[in-house]
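Asker: See protein34.txt below, with compact mmCIF, C-alpha atoms.
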```txt
# COMPACT_ATOMS: atom_id res chain seq x y z
CA MET A 121 79.56 75.65 102.88
CA ALA A 122 82.57 77.87 102.26
CA GLU A 123 82.98 81.20 104.05
CA ARG A 124 82.51 84.21 101.77
CA THR A 125 85.54 86.41 101.25
CA ALA A 126 84.25 88.31 98.21
CA PRO A 127 84.06 92.09 98.67
CA PRO A 128 80.76 92.84 100.47
CA SER A 129 80.16 95.99 98.44
CA VAL A 130 77.82 94.29 95.92
CA ASP A 131 74.29 94.20 97.29
CA LEU A 132 73.38 90.55 96.70
CA PRO A 133 69.61 90.86 97.33
CA ALA A 134 69.49 93.74 94.85
CA LEU A 135 71.61 91.79 92.38
CA LYS A 136 69.15 88.91 92.54
CA ARG A 137 66.24 91.23 91.74
CA ARG A 138 67.81 93.22 88.92
CA PRO A 139 68.24 90.49 86.25
CA GLY A 140 64.60 89.43 86.56
CA ARG A 141 63.53 85.83 86.97
CA THR A 142 64.06 84.91 83.31
CA GLY A 143 66.66 85.97 80.78
CA ALA A 144 67.48 85.15 77.18
CA TRP A 145 70.71 83.39 76.16
CA LEU A 146 71.56 83.86 72.47
CA SER A 147 74.52 82.13 70.85
CA SER A 148 73.62 83.47 67.40
CA LEU A 149 74.56 87.06 68.27
CA ALA A 150 78.21 86.30 67.56
CA ALA A 151 77.47 85.68 63.89
CA VAL A 152 75.14 88.53 62.90
CA SER A 153 75.60 92.20 62.14
CA ALA A 154 75.44 94.98 64.70
CA ASP A 155 72.19 96.23 63.14
CA GLN A 156 70.61 92.80 63.55
CA GLU A 157 71.75 92.71 67.16
CA ARG A 158 70.22 96.10 67.88
CA ARG A 159 66.88 94.93 66.52
CA ALA A 160 67.14 91.73 68.57
CA VAL A 161 67.84 93.67 71.77
CA ALA A 162 64.77 95.83 71.18
CA SER A 163 62.60 92.73 70.71
CA ILE A 164 63.90 90.99 73.84
CA GLU A 165 63.40 94.12 75.90
CA GLU A 166 59.86 94.56 74.59
CA LEU A 167 59.02 90.94 75.45
CA GLY A 168 59.96 91.54 79.08
CA TYR A 169 63.04 89.38 79.56
CA GLY A 170 65.27 90.88 82.24
CA THR A 171 68.75 89.95 81.05
CA LEU A 172 70.47 89.12 77.78
CA TRP A 173 73.32 86.61 78.07
CA PHE A 174 75.81 85.94 75.27
CA GLY A 175 78.92 83.85 74.82
CA GLU A 176 82.44 84.35 73.52
CA THR A 177 84.40 82.15 71.13
CA PRO A 178 88.00 82.50 69.89
CA THR A 179 86.74 83.24 66.37
CA GLY A 180 83.81 85.51 67.28
CA LYS A 181 83.21 88.93 68.75
CA GLU A 182 85.31 90.03 71.72
CA ALA A 183 83.18 89.91 74.85
CA LEU A 184 83.59 93.37 76.38
CA THR A 185 83.26 95.38 73.17
CA HIS A 186 80.31 93.13 72.28
CA ALA A 187 78.72 93.96 75.63
CA ALA A 188 79.12 97.66 74.88
CA LEU A 189 77.23 97.22 71.61
CA LEU A 190 74.37 95.44 73.39
CA LEU A 191 74.24 97.91 76.26
CA SER A 192 74.14 100.84 73.85
CA ALA A 193 71.17 99.26 72.04
CA SER A 194 69.12 98.70 75.20
CA ARG A 195 67.41 100.92 77.75
CA ARG A 196 66.90 98.71 80.79
CA LEU A 197 68.15 95.18 79.98
CA MET A 198 70.92 93.73 82.08
CA ILE A 199 73.68 92.47 79.78
CA ALA A 200 75.80 89.54 80.94
CA THR A 201 78.73 87.66 79.48
CA GLY A 202 78.09 83.95 79.56
CA ILE A 203 81.00 83.70 79.58
CA ALA A 204 84.07 85.83 78.91
CA SER A 205 87.09 83.53 78.79
CA ILE A 206 89.88 84.43 81.20
CA TYR A 207 92.29 83.50 78.38
CA GLY A 208 90.78 86.17 76.15
CA ARG A 209 92.26 89.12 78.07
CA ASP A 210 94.45 89.54 81.11
CA ALA A 211 92.97 90.33 84.50
CA THR A 212 93.84 94.02 84.32
CA ALA A 213 91.97 94.43 81.04
CA ALA A 214 88.98 92.47 82.37
CA ALA A 215 88.74 94.56 85.55
CA ALA A 216 89.12 97.89 83.77
CA GLY A 217 86.81 96.94 80.92
CA ALA A 218 84.06 95.72 83.23
CA SER A 219 84.29 98.88 85.35
CA THR A 220 84.10 101.04 82.22
CA LEU A 221 80.93 99.28 81.09
CA SER A 222 79.32 99.45 84.52
CA GLU A 223 79.97 103.17 84.87
CA ALA A 224 78.84 104.04 81.36
CA TRP A 225 75.60 102.05 81.58
CA GLN A 226 74.69 102.59 85.23
CA GLY A 227 75.33 99.12 86.61
CA ARG A 228 73.54 97.12 83.90
CA PHE A 229 76.54 94.88 83.20
CA VAL A 230 77.36 91.50 84.80
CA LEU A 231 80.78 89.99 84.12
CA GLY A 232 80.52 86.24 83.74
CA LEU A 233 83.96 84.62 83.71
CA GLY A 234 85.03 81.10 82.77
CA VAL A 235 88.10 78.98 82.15
CA SER A 236 86.77 77.82 78.76
CA HIS A 237 88.05 74.46 77.44
CA LEU A 238 91.47 73.08 76.61
CA PRO A 239 90.98 72.78 72.81
CA LEU A 240 89.72 76.36 72.56
CA VAL A 241 92.46 77.76 74.77
CA SER A 242 95.36 75.88 73.19
CA GLY A 243 94.03 76.84 69.76
CA ARG A 244 94.73 80.48 70.53
CA GLY A 245 98.25 79.78 71.76
CA HIS A 246 97.73 79.60 75.54
CA GLN A 247 98.58 76.86 77.98
CA TYR A 248 95.47 75.57 79.74
CA GLY A 249 96.04 75.67 83.49
CA LYS A 250 94.30 73.86 86.31
CA PRO A 251 90.82 75.42 86.25
CA VAL A 252 90.25 76.33 89.90
CA SER A 253 93.74 77.56 90.75
CA THR A 254 93.98 79.48 87.48
CA MET A 255 90.64 81.17 88.08
CA ARG A 256 91.59 81.99 91.68
CA ALA A 257 94.81 83.64 90.53
CA TYR A 258 92.91 85.60 87.88
CA LEU A 259 90.44 86.91 90.48
CA ASP A 260 93.34 87.84 92.76
CA ALA A 261 94.87 89.85 89.92
CA MET A 262 91.55 91.54 89.13
CA ASP A 263 91.11 92.55 92.77
CA ALA A 264 94.63 93.98 92.81
CA THR A 265 94.09 96.10 89.70
CA PRO A 266 94.03 99.86 90.39
CA TYR A 267 91.35 101.84 88.58
CA ASP A 268 91.30 105.62 88.81
CA ALA A 269 88.26 106.40 86.67
CA PRO A 270 84.76 106.75 88.18
CA VAL A 271 82.83 103.58 89.04
CA PRO A 272 79.41 104.32 90.56
CA GLU A 273 78.97 100.81 91.91
CA PRO A 274 80.98 97.57 92.00
CA VAL A 275 80.74 95.25 89.01
CA PRO A 276 78.98 91.94 89.79
CA ARG A 277 81.01 88.88 88.81
CA VAL A 278 79.78 85.31 88.36
CA LEU A 279 81.66 82.18 87.38
CA ALA A 280 80.85 79.49 84.85
CA ALA A 281 80.95 76.92 87.63
CA LEU A 282 79.92 73.30 87.16
CA ARG A 283 81.63 71.16 89.78
CA PRO A 284 81.92 71.63 93.55
CA LYS A 285 85.35 73.27 93.77
CA MET A 286 84.58 75.91 91.15
CA LEU A 287 81.16 76.48 92.74
CA GLU A 288 82.88 77.00 96.10
CA LEU A 289 85.19 79.53 94.48
CA ALA A 290 82.18 81.28 92.97
CA ALA A 291 80.55 81.43 96.40
CA THR A 292 83.59 82.81 98.20
CA ARG A 293 85.16 85.12 95.63
CA THR A 294 82.35 86.34 93.36
CA GLN A 295 78.65 87.09 93.50
CA GLY A 296 77.50 83.74 92.15
CA ALA A 297 77.47 81.16 89.37
CA HIS A 298 76.22 80.80 85.81
CA PRO A 299 76.25 77.04 85.07
CA TYR A 300 75.80 76.06 81.41
CA PHE A 301 74.57 72.79 79.85
CA VAL A 302 73.03 71.62 83.10
CA THR A 303 69.86 70.09 84.54
CA PRO A 304 67.53 71.05 87.41
CA GLU A 305 69.28 68.41 89.51
CA HIS A 306 72.56 70.22 88.91
CA THR A 307 70.85 73.42 90.04
CA ARG A 308 69.76 71.73 93.26
CA ARG A 309 73.31 70.55 93.98
CA ALA A 310 74.79 73.90 93.00
CA ARG A 311 72.53 75.72 95.45
CA GLN A 312 73.62 73.37 98.24
CA THR A 313 77.26 74.15 97.48
CA LEU A 314 76.81 77.90 97.02
CA GLY A 315 74.66 78.41 100.08
CA PRO A 316 71.62 80.69 100.17
CA ASP A 317 73.16 84.05 99.34
CA PRO A 318 75.02 84.00 95.97
CA LEU A 319 73.23 84.45 92.67
CA LEU A 320 72.52 81.18 90.87
CA ALA A 321 71.65 81.72 87.20
CA PRO A 322 71.76 78.50 85.15
CA GLU A 323 71.34 78.35 81.39
CA GLN A 324 68.55 76.13 80.03
CA ALA A 325 68.47 75.15 76.36
CA VAL A 326 65.00 74.65 74.88
CA VAL A 327 63.54 73.40 71.60
CA VAL A 328 60.04 74.68 70.86
CA ASP A 329 58.82 71.55 69.08
CA THR A 330 56.42 68.81 70.19
CA ASP A 331 57.60 66.14 67.72
CA PRO A 332 59.97 63.85 69.71
CA ALA A 333 62.19 62.70 66.84
CA ARG A 334 62.56 66.14 65.30
CA ALA A 335 63.05 67.91 68.63
CA ARG A 336 65.72 65.44 69.77
CA ALA A 337 67.51 65.74 66.44
CA THR A 338 67.64 69.51 66.92
CA ALA A 339 68.83 69.06 70.50
CA ARG A 340 71.58 66.63 69.44
CA ARG A 341 72.96 69.11 66.91
CA TYR A 342 73.18 71.67 69.70
CA ALA A 343 74.66 69.21 72.21
CA ALA A 344 77.32 67.71 69.91
CA PRO A 345 80.17 70.17 70.60
CA TYR A 346 79.58 70.08 74.36
CA LEU A 347 79.66 66.28 74.45
CA SER A 348 83.25 66.49 73.16
CA MET A 349 84.41 68.71 76.05
CA PRO A 350 85.79 67.00 79.19
CA ASN A 351 84.52 69.75 81.51
CA TYR A 352 80.91 69.06 80.55
CA LEU A 353 81.32 65.28 80.50
CA ASN A 354 82.79 65.27 84.00
CA SER A 355 79.92 67.40 85.25
CA LEU A 356 77.37 65.06 83.68
CA ARG A 357 79.09 62.02 85.18
CA GLU A 358 78.61 63.54 88.63
CA LEU A 359 74.89 63.69 87.84
CA GLY A 360 74.82 59.94 87.16
CA PHE A 361 75.29 59.77 83.40
CA SER A 362 77.79 57.31 81.93
CA ASP A 363 79.88 56.95 78.80
CA PHE A 364 76.95 55.08 77.26
CA ASP A 365 74.91 58.29 77.48
CA PHE A 366 77.58 60.22 75.58
CA GLU A 367 77.65 57.89 72.55
CA SER A 368 75.88 58.42 69.21
CA GLY A 369 75.01 62.04 69.89
CA GLY A 370 73.70 61.39 73.38
CA SER A 371 71.12 59.01 74.80
CA ASP A 372 67.48 60.09 74.86
CA ALA A 373 67.71 60.30 78.66
CA LEU A 374 70.70 62.64 78.52
CA ILE A 375 69.30 64.81 75.75
CA ASP A 376 65.93 65.14 77.47
CA ALA A 377 67.63 66.06 80.75
CA VAL A 378 69.84 68.79 79.32
CA VAL A 379 67.68 70.18 76.51
CA ALA A 380 63.99 70.70 77.22
CA TRP A 381 61.61 70.32 74.29
CA GLY A 382 57.87 70.61 73.82
CA ASP A 383 55.21 73.30 73.85
CA PRO A 384 55.62 76.61 75.69
CA GLU A 385 53.75 75.43 78.80
CA SER A 386 55.88 72.29 79.22
CA LEU A 387 59.03 74.34 78.68
CA GLY A 388 57.81 76.79 81.29
CA GLU A 389 57.52 73.88 83.72
CA ARG A 390 61.18 72.96 83.11
CA ILE A 391 62.17 76.52 83.98
CA ARG A 392 60.06 76.32 87.13
CA GLU A 393 61.93 73.14 88.08
CA HIS A 394 65.12 75.19 88.19
CA TYR A 395 63.44 77.77 90.43
CA ARG A 396 62.22 75.06 92.79
CA ALA A 397 65.75 73.65 92.84
CA GLY A 398 67.18 76.98 93.99
CA ALA A 399 67.81 79.12 90.88
CA ASP A 400 67.33 82.87 91.24
CA HIS A 401 67.31 83.45 87.48
CA VAL A 402 67.23 81.15 84.44
CA ALA A 403 68.81 82.09 81.11
CA VAL A 404 66.67 80.46 78.43
CA GLN A 405 68.44 79.56 75.18
CA PRO A 406 66.14 78.73 72.25
CA VAL A 407 67.91 76.18 70.06
CA ALA A 408 67.24 77.24 66.47
CA ARG A 409 69.21 77.76 63.27
CA THR A 410 68.72 81.53 62.95
CA LEU A 411 68.43 84.57 65.17
CA ASP A 412 64.98 85.31 63.74
CA GLN A 413 63.76 81.86 64.77
CA GLN A 414 65.26 82.26 68.24
CA LEU A 415 63.44 85.56 68.65
CA GLU A 416 60.19 83.97 67.49
CA ASP A 417 60.66 81.17 70.02
CA LEU A 418 61.27 83.72 72.78
CA ARG A 419 58.07 85.50 71.74
CA ARG A 420 56.08 82.24 71.93
CA LEU A 421 57.62 81.40 75.30
CA ALA A 422 57.18 84.82 76.90
CA PRO A 423 53.63 84.27 78.25
CA ALA A 424 54.83 81.16 80.09
CA LEU A 425 58.16 82.60 81.27
CA VAL A 426 57.89 86.33 81.79
CA GLY A 427 55.63 87.69 84.47
```
Could you quickly redo this structure as structure tokens?
Answerer:
Amino acid sequence: MAERTAPPSVDLPALKRRPGRTGAWLSSLAAVSADQERRAVASIEELGYGTLWFGETPTGKEALTHAALLLSASRRLMIATGIASIYGRDATAAAAGASTLSEAWQGRFVLGLGVSHLPLVSGRGHQYGKPVSTMRAYLDAMDATPYDAPVPEPVPRVLAALRPKMLELAATRTQGAHPYFVTPEHTRRARQTLGPDPLLAPEQAVVVDTDPARARATARRYAAPYLSMPNYLNSLRELGFSDFDFESGGSDALIDAVVAWGDPESLGERIREHYRAGADHVAVQPVARTLDQQLEDLRRLAPALVG
């Protein structure tokens, strides 16, 4: 277990309590209007989810301004980037932007950072560096950034960490990890690497459908882009999956391990598996074609997930 060198000013026990046990992860927010997002935020807050996570793509909404929109539409939700690419803005802009959001919305913002993926990074004209050393240098630069405006409390940072070295960096230099496209077994291993203190908040994709063929077809459409990314494939290999599992849209074993499907109670049990494996918080991503369907799935799941 690596020794922590992250600034001690973030209260980790409080950070673990604030996001709630269960959050919502919505990829569809990047493609809808601001008015639709505001209505979605109100629904998620009313259902009792503690945190709203959202992603960033090179062709979608910029992460920090997007966070401001979501924070302004909510009253108590934590808003977290899952993740903001370090190639999307330099470290100075990330540090200042995160501090601005935290001060304006009274500490309701969590900055999730990630190295993204080579095709996405090279597509926007950057050279993709070695993930761990590049992230370490970025964190160094963030920590060295002066900021003269008011900040009532430090901004929590988490890393999109999958493999041991990035998880170790998350444990020593940030407040925790937000692994994506993972299984409860990954959560168990991540907790062993992180140690007991840092926040561990994995994403879990779910399909609210009890028909095996239809549910797996939905899950494969969701999984397809991730099964073309080396970062995810290498993580899955460490969990015992092979190239055979990555063929033809993913084996049933792989799909069932990464994307839970079934009725709300069985999906609630998958979330509880992550808790038993060491997760502090689970970001639940309903896999559906539209934002309205995702919100309906979150409504159906709330009795089993939010308490």
Asker: Taking 2 positions as the minimum chain separation for residues in the same chain, which residues sit within 9 Å of A:Pro322 when counting all atoms listed in the file? Answer as number ranges by chain.
Answerer: A: 297-304, 307, 320, 324, 394, 399-404
Asker: For the residues selected in the previous step, produce a file with C-alpha atoms as a short mmCIF file (atom, residue, chain, number, x, y, z; two decimals), in the frame of the given file.
Answerer:
```
data_model
loop_
_atom_site.label_atom_id
_atom_site.label_comp_id
_atom_site.auth_asym_id
_atom_site.auth_seq_id
_atom_site.Cartn_x
_atom_site.Cartn_y
_atom_site.Cartn_z
CA ALA A 297 77.47 81.16 89.37
CA HIS A 298 76.22 80.80 85.81
CA PRO A 299 76.25 77.04 85.07
CA TYR A 300 75.80 76.06 81.41
CA PHE A 301 74.57 72.79 79.85
CA VAL A 302 73.03 71.62 83.10
CA THR A 303 69.86 70.09 84.54
CA PRO A 304 67.53 71.05 87.41
CA THR A 307 70.85 73.42 90.04
CA LEU A 320 72.52 81.18 90.87
CA GLN A 324 68.55 76.13 80.03
CA HIS A 394 65.12 75.19 88.19
CA ALA A 399 67.81 79.12 90.88
CA ASP A 400 67.33 82.87 91.24
CA HIS A 401 67.31 83.45 87.48
CA VAL A 402 67.23 81.15 84.44
CA ALA A 403 68.81 82.09 81.11
CA VAL A 404 66.67 80.46 78.43
#
```
Asker: Choose the residue, out of A:Met349, A:Leu231, A:Ala151, A:Leu359, that has the smallest atom-to-atom separation from A:Arg309; count all atoms listed in the file.
Answerer: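 Residue with the minimum atom-to-atom distance to A:Arg309: A:Leu359.
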Asker: Pick out the residues sitting within 7 Å of A:Val275, and hand them over as a PyMOL selection string; count all atoms listed in the file, and ignore anything fewer than 2 positions along from it in its own chain.
Answerer: chain A and resi 218-219+222+230+273+277
Asker: Using all atoms listed in the file, pick whichever of A:Gly398, A:Ala339, A:Val235, A:Trp145 has the shortest atom-to-atom distance to A:Pro316.
Answerer: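 Ranked by minimum distance to A:Pro316, first place goes to A:Gly398.
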Asker: Point out the residue among A:Ala310, A:Ala280, A:Val326, A:Ile199 with the least atom-to-atom distance to A:Glu358, counting only C-alpha atoms.
Answerer: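 The shortest atom-to-atom distance to A:Glu358 comes from A:Ala310.
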Asker: Just checking: using all atoms listed in the file, which residue out of A:Leu172, A:Ala193, A:Leu314, A:Leu167 ends up closest to A:Glu416?
Answerer: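 Closest to A:Glu416, using all atoms listed in the file: A:Leu167.
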Asker: Skipping near chain neighbours, those fewer than 4 positions away, what residues fall within 7 Å of A:Ala188 using only C-alpha atoms, listed as a PyMOL selection string?
Answerer: chain A and resi 184+192+221
Asker: I'd like the contact shell of A:Lys250 - 12 Å cut-off, all atoms listed in the file, skipping same-chain residues fewer than 3 positions apart - returned as a count of residues only.
Answerer: 14
Asker: Point out the residue among A:Ala281, A:Leu287, A:Leu319, A:Ala204 with the least atom-to-atom distance to A:Pro133, counting all atoms listed in the file.
Answerer: A:Leu319
Asker: Neighbours of A:Thr171 within 6 Å (all atoms listed in the file; same-chain residues fewer than 4 positions away dropped), as a list in words?
Answerer: Pro139, Gly143, Leu197, Met198 and Ile199 of chain A
Asker: What does the distance from atom CA of A:Ala215 to atom CA of A:Met262 come to in Å, to one decimal?
Answerer: 5.5 Å
Asker: For atom CA of A:Ser148 and atom CA of A:Tyr342, quote the distance in Å rounded to one decimal.
Answerer: 12.0 Å
Asker: Quick one: distance from atom CA of A:Gln405 to atom CA of A:Val379 in Å, one decimal?
Answerer: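 So the two atoms, atom CA of A:Gln405 and atom CA of A:Val379, lie 9.5 Å apart.
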Asker: Between A:Thr220, A:Ile164, A:Gly296, A:Val278, single out the one closest to A:Arg420, counting all atoms listed in the file.
Answerer: A:Ile164
Asker: Box time for stretch 247-250 of chain A: axis-aligned, enclosing all its listed atoms, 6 Å extra on each side; report centre and edge lengths in Å to one decimal, as JSON.
Answerer:
```
{"center_x": 96.4, "center_y": 75.4, "center_z": 82.1, "size_x": 16.3, "size_y": 15.0, "size_z": 20.3}
```
